[in-house]
$ cat final38.txt   # compact mmCIF, C-alpha atoms
# COMPACT_ATOMS: atom_id res chain seq x y z
CA MET J 4 42.46 56.98 85.82
CA ASN J 5 43.29 55.54 89.18
CA ARG J 6 46.88 54.89 90.45
CA THR J 7 47.97 52.32 92.95
CA SER J 8 50.26 53.35 95.78
CA GLN J 9 53.33 51.40 96.75
CA ASP J 10 51.37 49.51 99.42
CA GLY J 11 48.66 48.54 96.91
CA ARG J 12 45.86 50.82 98.20
CA ASP J 13 43.69 52.91 95.87
CA THR J 14 44.12 56.66 95.94
CA ALA J 15 41.65 59.36 95.00
CA PRO J 16 41.82 61.02 91.60
CA ALA J 17 44.35 63.90 91.39
CA SER J 18 41.60 66.44 90.83
CA ASP J 19 39.95 65.52 94.10
CA ALA J 20 43.21 65.25 96.15
CA ARG J 21 43.43 67.20 99.39
CA PRO J 22 46.50 67.99 101.47
CA SER J 23 47.22 65.19 103.86
CA PRO J 24 49.47 65.11 106.85
CA PRO J 25 53.15 64.42 106.13
CA ASP J 26 54.04 60.81 105.83
CA ASP J 27 55.51 59.37 109.04
CA ARG J 28 58.68 58.58 107.24
CA TYR J 29 59.39 62.32 106.84
CA ARG J 30 58.80 63.16 110.47
CA ARG J 31 61.75 63.90 112.77
CA GLY J 32 63.01 60.76 114.46
CA SER J 33 61.24 58.23 112.15
CA ARG J 34 63.22 55.47 110.46
CA ARG J 35 63.77 55.40 106.75
CA THR J 36 62.82 52.18 105.00
CA GLY J 37 65.06 50.56 102.48
CA ALA J 38 65.45 52.17 99.03
CA GLU J 39 64.04 55.46 100.24
CA PRO J 40 66.00 58.70 99.63
CA LEU J 41 67.63 60.62 102.51
CA THR J 42 65.53 63.50 103.74
CA ALA J 43 65.80 66.39 106.16
CA SER J 44 63.14 67.80 108.41
CA TRP J 45 61.26 70.85 107.16
CA GLU J 46 60.91 72.22 110.67
CA PRO J 47 63.86 73.37 112.79
CA ALA J 48 64.04 71.79 116.18
CA GLY J 49 62.04 73.67 118.73
CA SER J 50 60.05 75.64 116.14
CA ARG J 51 56.51 76.45 116.88
CA PRO J 52 53.68 76.39 114.33
CA GLY J 53 52.15 79.62 113.28
CA PRO J 54 53.19 82.67 111.27
CA ARG J 55 56.85 83.92 111.71
CA ARG J 56 57.42 87.33 113.26
CA ARG J 57 59.55 89.99 111.66
CA GLY J 58 62.14 92.39 113.14
CA LEU J 59 64.38 91.89 116.15
CA LYS J 60 61.56 90.47 118.25
CA GLY J 61 60.72 88.10 115.45
CA LEU J 62 64.31 86.90 115.23
CA VAL J 63 64.41 86.36 118.99
CA ALA J 64 61.10 84.55 118.89
CA ASN J 65 62.11 82.36 115.96
CA TYR J 66 65.74 81.54 116.92
CA GLY J 67 65.86 82.01 120.68
CA TRP J 68 69.24 82.39 122.44
CA ARG J 69 71.14 81.59 119.23
CA ILE J 70 70.50 85.09 117.90
CA TYR J 71 72.69 86.52 120.69
CA ALA J 72 75.61 84.29 119.74
CA VAL J 73 75.93 85.83 116.27
CA PRO J 74 77.46 89.24 117.25
CA VAL J 75 79.75 87.55 119.80
CA LEU J 76 81.09 85.24 117.10
CA LEU J 77 81.56 88.21 114.75
CA VAL J 78 83.65 90.11 117.35
CA LEU J 79 85.82 87.08 118.14
CA THR J 80 86.41 86.49 114.44
CA ALA J 81 87.49 90.11 113.92
CA LEU J 82 89.94 89.92 116.84
CA VAL J 83 91.53 86.74 115.51
CA VAL J 84 91.94 88.26 112.03
CA LEU J 85 93.49 91.47 113.47
CA ASP J 86 95.93 89.55 115.72
CA THR J 87 97.03 87.37 112.81
CA ALA J 88 97.62 90.34 110.51
CA THR J 89 99.69 92.36 113.05
CA PRO J 90 103.43 91.41 113.09
CA THR J 91 105.15 91.20 116.46
CA GLY J 92 108.79 90.67 117.45
CA ILE J 93 109.20 87.85 119.89
CA GLY J 94 112.30 87.57 122.02
CA SER J 95 113.45 84.85 124.34
CA ALA J 96 110.86 83.50 126.78
CA GLY J 97 108.09 85.02 124.65
CA GLU J 98 108.94 88.64 125.51
CA THR J 99 108.97 91.43 122.94
CA SER J 100 112.47 91.77 121.53
CA ALA J 101 114.45 95.00 121.74
CA ALA J 102 114.64 95.14 117.94
CA ALA J 103 110.86 95.04 117.60
CA SER J 104 110.43 97.70 120.26
CA ALA J 105 113.02 99.92 118.59
CA THR J 106 111.04 99.96 115.35
CA THR J 107 108.06 101.48 117.11
CA THR J 108 110.00 104.07 119.15
CA THR J 109 110.97 107.41 117.66
CA PRO J 110 114.69 107.96 118.49
CA GLY J 111 115.50 111.20 120.28
CA PRO J 112 118.73 113.21 120.34
CA PRO J 113 121.73 111.57 122.10
CA ALA J 114 122.54 112.59 125.65
CA ALA J 115 126.04 113.65 124.60
CA SER J 116 127.67 114.21 121.23
CA GLU J 117 131.31 113.95 120.23
CA THR J 118 133.27 117.17 119.74
CA PRO J 119 136.39 116.30 117.73
CA PRO J 120 139.42 118.58 118.02
CA ALA J 121 139.66 121.30 115.42
CA LYS J 122 142.62 121.27 113.07
CA VAL J 123 145.26 123.53 114.56
CA ASP J 124 146.53 126.37 112.41
CA LEU J 125 150.22 126.20 113.27
CA VAL J 126 151.02 129.48 111.52
CA THR J 127 148.43 132.15 112.24
CA ILE J 128 147.05 131.35 115.71
CA PRO J 129 148.98 132.00 118.96
CA THR J 130 150.04 128.39 119.55
CA ALA J 131 151.93 129.37 122.72
CA VAL J 132 148.64 129.95 124.56
CA LEU J 133 147.94 127.28 127.18
CA PRO J 134 145.05 125.06 126.00
CA ASP J 135 141.82 124.94 127.98
CA GLY J 136 141.53 122.14 130.51
CA PRO J 137 141.50 121.16 134.18
CA LYS J 138 142.77 123.34 136.99
CA PHE J 139 146.38 122.90 138.09
CA SER J 140 148.53 123.81 141.09
CA GLU J 141 149.84 127.37 140.83
CA GLN J 142 151.92 127.87 143.98
CA GLY J 143 154.05 125.32 145.82
CA ALA J 144 156.55 125.31 148.66
CA GLY J 145 159.71 125.32 146.54
CA THR J 146 160.77 121.99 148.01
CA TRP J 147 160.51 118.54 146.41
CA GLN J 148 160.00 114.99 147.57
CA VAL J 149 162.00 112.40 145.64
CA ILE J 150 159.98 109.32 144.73
CA ALA J 151 161.54 106.11 145.99
CA GLY J 152 162.48 103.52 143.40
CA SER J 153 165.05 102.69 140.78
CA ALA J 154 165.24 101.24 137.27
CA PRO J 155 167.80 99.19 135.33
CA GLN J 156 170.32 100.94 133.12
CA VAL J 157 169.16 101.33 129.52
CA GLY J 158 171.16 102.30 126.45
CA GLN J 159 174.87 102.38 125.58
CA GLY J 160 177.37 105.16 126.10
CA LYS J 161 177.94 107.67 128.86
CA LEU J 162 175.72 106.92 131.86
CA TYR J 163 173.37 109.60 133.23
CA ARG J 164 171.78 108.88 136.58
CA TYR J 165 168.55 110.57 137.55
CA THR J 166 165.81 110.73 140.17
CA ILE J 167 162.17 111.86 139.96
CA ALA J 168 160.52 114.30 142.38
CA VAL J 169 157.24 116.15 142.97
CA GLU J 170 157.13 119.61 144.52
CA ASP J 171 155.39 120.01 147.86
CA GLY J 172 152.09 121.73 147.12
CA VAL J 173 151.38 120.01 143.80
CA ASP J 174 147.90 118.52 143.99
CA ALA J 175 147.82 114.74 143.58
CA ALA J 176 145.26 115.10 140.79
CA ASP J 177 147.91 116.87 138.68
CA TYR J 178 149.90 113.65 138.32
CA GLY J 179 147.01 111.18 138.46
CA GLY J 180 147.11 110.55 142.21
CA ASP J 181 149.81 107.89 142.05
CA ARG J 182 153.44 109.02 142.43
CA GLU J 183 154.86 105.64 141.53
CA ALA J 184 152.81 105.53 138.33
CA PHE J 185 153.99 109.06 137.49
CA ALA J 186 157.60 107.94 137.98
CA ARG J 187 157.07 104.89 135.76
CA THR J 188 155.80 107.20 133.01
CA ILE J 189 159.04 109.18 133.13
CA ASP J 190 161.10 105.97 133.18
CA GLY J 191 159.22 104.69 130.14
CA ILE J 192 159.84 107.87 128.14
CA LEU J 193 163.60 107.89 128.86
CA ALA J 194 163.89 104.13 128.14
CA ASP J 195 162.16 104.47 124.75
CA SER J 196 164.48 103.63 121.83
CA ARG J 197 163.35 106.84 120.15
CA SER J 198 164.57 108.86 123.14
CA TRP J 199 168.17 109.93 123.79
CA ILE J 200 169.39 106.39 124.43
CA GLY J 201 168.50 105.64 120.80
CA THR J 202 171.47 107.75 119.68
CA GLY J 203 173.83 105.09 121.05
CA GLU J 204 175.81 107.83 122.78
CA VAL J 205 174.22 107.88 126.24
CA SER J 206 172.56 105.52 128.69
CA MET J 207 170.11 106.26 131.50
CA GLN J 208 169.46 104.84 134.93
CA ARG J 209 167.08 105.90 137.67
CA VAL J 210 168.55 105.63 141.15
CA GLU J 211 167.20 105.75 144.70
CA PRO J 212 166.91 109.02 146.67
CA ASN J 213 170.12 110.42 148.22
CA GLN J 214 172.24 108.86 145.46
CA PRO J 215 174.48 111.08 143.28
CA VAL J 216 172.59 112.17 140.15
CA ASP J 217 173.16 114.10 136.96
CA PHE J 218 169.62 115.53 136.97
CA THR J 219 166.29 115.29 138.74
CA VAL J 220 163.03 115.38 136.79
CA SER J 221 160.91 117.68 139.00
CA LEU J 222 157.17 118.27 138.58
CA SER J 223 156.72 121.88 139.74
CA THR J 224 153.97 124.46 140.23
CA THR J 225 153.70 127.42 137.87
CA GLY J 226 154.86 129.88 140.54
CA THR J 227 158.03 127.91 141.23
CA THR J 228 158.61 127.36 137.51
CA HIS J 229 158.43 131.10 136.83
CA SER J 230 160.93 131.86 139.59
CA MET J 231 163.43 129.24 138.36
CA CYS J 232 162.96 129.47 134.58
CA GLY J 233 162.08 133.14 134.16
CA PHE J 234 158.92 134.50 132.60
CA GLN J 235 160.11 136.95 129.95
CA ILE J 236 157.95 135.15 127.39
CA GLN J 237 154.52 135.42 128.96
CA TYR J 238 153.47 131.85 128.25
CA GLU J 239 153.82 128.70 130.34
CA SER J 240 156.97 126.65 129.69
CA SER J 241 159.38 124.23 131.37
CA CYS J 242 163.17 124.50 131.63
CA TRP J 243 166.53 123.05 132.64
CA HIS J 244 167.89 124.71 135.80
CA PRO J 245 171.68 124.06 135.91
CA PRO J 246 172.38 125.36 139.45
CA THR J 247 170.11 122.72 141.01
CA LYS J 248 170.43 120.14 138.22
CA ARG J 249 166.66 120.13 137.92
CA VAL J 250 164.63 119.35 134.84
CA VAL J 251 161.74 121.64 135.81
CA ILE J 252 158.47 120.34 134.36
CA ASN J 253 155.72 122.96 134.59
CA VAL J 254 152.58 121.34 136.02
CA ALA J 255 150.42 123.63 133.83
CA ARG J 256 151.90 122.04 130.70
CA TRP J 257 151.86 118.53 132.19
CA VAL J 258 148.13 118.85 132.83
CA ARG J 259 147.07 120.67 129.65
CA GLY J 260 149.74 120.12 127.01
CA ALA J 261 150.27 122.47 124.05
CA LYS J 262 148.14 123.63 121.13
CA ALA J 263 150.61 122.25 118.58
CA TYR J 264 149.79 118.77 119.93
CA SER J 265 146.03 119.31 119.94
CA ASN J 266 144.52 116.79 122.42
CA ASP J 267 147.44 114.32 122.26
CA LEU J 268 148.54 114.88 125.85
CA SER J 269 150.69 111.76 126.28
CA THR J 270 152.81 112.58 123.22
CA TYR J 271 153.28 116.15 124.40
CA ARG J 272 154.49 114.89 127.79
CA ALA J 273 157.08 112.73 126.02
CA TYR J 274 158.21 115.84 124.14
CA ALA J 275 158.50 117.92 127.34
CA ILE J 276 160.69 115.29 129.06
CA ASN J 277 162.91 114.72 126.02
CA HIS J 278 163.30 118.45 125.34
CA GLU J 279 164.34 119.40 128.88
CA VAL J 280 166.54 116.31 129.35
CA GLY J 281 168.11 117.31 126.03
CA HIS J 282 169.20 120.54 127.73
CA ALA J 283 170.68 118.48 130.60
CA LEU J 284 172.71 116.66 127.94
CA GLY J 285 174.07 119.96 126.60
CA ASN J 286 171.71 120.62 123.65
CA GLY J 287 170.43 124.12 122.83
CA HIS J 288 167.30 125.32 121.06
CA GLU J 289 166.76 124.79 117.35
CA GLY J 290 164.30 125.94 114.73
CA CYS J 291 162.39 124.04 112.07
CA GLN J 292 164.98 122.64 109.66
CA GLU J 293 162.82 121.57 106.73
CA ASN J 294 159.38 122.86 105.90
CA GLY J 295 156.65 120.26 106.46
CA HIS J 296 158.94 117.79 108.23
CA ALA J 297 159.07 116.74 111.87
CA ALA J 298 160.32 119.45 114.19
CA PRO J 299 163.57 118.89 116.08
CA VAL J 300 162.83 117.82 119.65
CA MET J 301 164.95 120.82 120.74
CA MET J 302 162.55 123.25 119.05
CA GLN J 303 160.38 125.21 121.50
CA GLN J 304 157.27 123.28 120.54
CA SER J 305 155.36 124.37 123.67
CA PHE J 306 155.24 127.72 121.87
CA GLY J 307 154.72 126.33 118.38
CA VAL J 308 156.37 124.77 115.34
CA ALA J 309 156.37 127.79 113.01
CA ASN J 310 159.78 129.52 112.86
CA ASP J 311 158.35 133.01 112.31
CA TYR J 312 156.10 132.78 115.38
CA VAL J 313 158.75 131.30 117.71
CA ALA J 314 161.35 133.80 116.49
CA GLN J 315 158.98 136.66 117.30
CA LEU J 316 158.48 135.35 120.86
CA ASN J 317 162.22 134.98 121.36
CA GLU J 318 162.79 138.67 120.67
CA VAL J 319 161.93 139.41 124.32
CA ASP J 320 164.25 136.66 125.67
CA TYR J 321 167.87 137.67 125.15
CA SER J 322 169.11 134.10 125.78
CA ASN J 323 167.16 132.82 122.76
CA ARG J 324 167.13 135.89 120.54
CA GLY J 325 168.14 134.98 116.99
CA VAL J 326 168.35 131.25 117.69
CA VAL J 327 165.33 130.49 115.50
CA PRO J 328 165.37 132.19 112.08
CA ALA J 329 162.23 133.91 110.81
CA ASP J 330 162.39 132.06 107.49
CA GLY J 331 158.75 130.97 107.10
CA LYS J 332 159.39 127.28 107.70
CA VAL J 333 156.71 125.29 109.53
CA CYS J 334 157.28 121.80 110.91
CA THR J 335 155.01 119.14 112.38
CA PRO J 336 155.07 118.26 116.11
CA ASN J 337 157.62 115.64 117.17
CA ALA J 338 158.27 114.22 120.64
CA PHE J 339 161.50 112.23 120.16
CA PRO J 340 165.10 113.03 119.16
CA VAL J 341 165.59 109.74 117.27
CA ALA J 342 163.46 108.83 114.28
CA PRO J 343 161.90 105.34 114.51
CA ARG J 344 163.74 102.73 112.48

$ encode --input "final38.txt" --output "structure tokens"
Amino acid sequence: MNRTSQDGRDTAPASDARPSPPDDRYRRGSRRTGAEPLTASWEPAGSRPGPRRRGLKGLVANYGWRIYAVPVLLVLTALVVLDTATPTGIGSAGETSAAASATTTTPGPPAASETPPAKVDLVTIPTAVLPDGPKFSEQGAGTWQVIAGSAPQVGQGKLYRYTIAVEDGVDAADYGGDREAFARTIDGILADSRSWIGTGEVSMQRVEPNQPVDFTVSLSTTGTTHSMCGFQIQYESSCWHPPTKRVVINVARWVRGAKAYSNDLSTYRAYAINHEVGHALGNGHEGCQENGHAAPVMMQQSFGVANDYVAQLNEVDYSNRGVVPADGKVCTPNAFPVAPR
């Protein structure tokens, strides 16, 4: 049976059909007529007739330069994926933040570590020993230079006038390099309401050099202190020297303090001033009055706050022998004669 093509021409029987060239409408670049389906070319652009080669050479021959683009695209794709998956810390102006950098840096040991003071055993250790610390002036000239300046009267009651002096030969580093600042420290201690003016019985006023005074607070070298205060007890201390009306403050204690006060140097200095000025006011030494309570300011706290220990030291000093009873009482350090209200 014969069939008629779309254009009306006869075609050969199917059994006698031979392959014919592709219809023009399926060739690349030809126009499709109406009602015909879309179609794609069977041959890639630039392909050459003939059998395809195999292997790398075959790929190059069949696809040309495009075969080299494949590995480049693979590498770029891998880099993009890796960059997206890796978190980064971004700081201002697009720079890596310190927090992000810190997470990738292994911290090392600090350059310096804190060494807190050990708890002082006020009973069993020799608390009269001078604490470790900076060097201090050991030998001076035995003469003093009064620091110029005055201060208003503070307190009520009998007035005590005073001046402040530094021995010739005391290194400036021992009082912080500023004599006026050193003098203001003394003024501040004596004007404190917890000091002797807080009793309501005395008042204090610093006066200019060459004015009549009741005492002079004198920062002194250890050699001069020993000659004026005695050295029967072989530990550094300060004293009240009645013949010269000097409150002799031992520079060794001013610089290093006392073990009973641990590293609280400023509070110890307040104690030293109040204790020796207390002697200028006519007060003698005392022992711990109540176990566990604040020591009297007139206790020899430079040596310690345990009655048994201080009493033992006083055995070699006839002027203080028996003043402190060996009754086992131990107080806490205290720098002022008047309890805060």

$ closest_atom_pairs --input "final38.txt" --of "region 156-203 of chain J" --to "region 125-144 of chain J" --cutoff "12 Å" --atoms "only C-alpha atoms" --output "Markdown table"
| residue | atom | partner | partner_atom | distance |
| --- | --- | --- | --- | --- |
| J:Val169 | CA | J:Gly143 | CA | 10.1 |
| J:Glu170 | CA | J:Gly143 | CA | 6.6 |
| J:Asp171 | CA | J:Ala144 | CA | 5.5 |
| J:Gly172 | CA | J:Gly143 | CA | 4.3 |
| J:Val173 | CA | J:Ser140 | CA | 5.5 |
| J:Asp174 | CA | J:Ser140 | CA | 6.1 |
| J:Ala175 | CA | J:Ser140 | CA | 9.4 |
| J:Ala176 | CA | J:Phe139 | CA | 8.3 |
| J:Asp177 | CA | J:Phe139 | CA | 6.2 |
| J:Tyr178 | CA | J:Phe139 | CA | 9.9 |
| J:Gly179 | CA | J:Phe139 | CA | 11.7 |

$ closest_residue --input "final38.txt" --among "J:Pro336, J:Pro212, J:Pro246, J:Gly287" --to "Tyr271 (chain J)" --atoms "only C-alpha atoms"
J:Pro336

$ atom_distance --input "final38.txt" --atom1 "CA of Asp195 (chain J)" --atom2 "CA of Gly285 (chain J)"
19.6 Å

$ residues_around --input "final38.txt" --residues "Val333 (chain J)" --least-positions-apart "3" --cutoff "9 Å" --atoms "all atoms listed in the file" --output "list in words"
Leu125, Val126, Cys291, Gln292, Glu293, Asn294, Gly295, His296, Ala298, Val308, Ala309, Asn310 and Asp311 of chain J

$ atom_distance --input "final38.txt" --atom1 "CA of Val149 (chain J)" --atom2 "CA of Val280 (chain J)"
17.4 Å

$ atom_distance --input "final38.txt" --atom1 "CA of Asn337 (chain J)" --atom2 "CA of Trp199 (chain J)"
13.7 Å
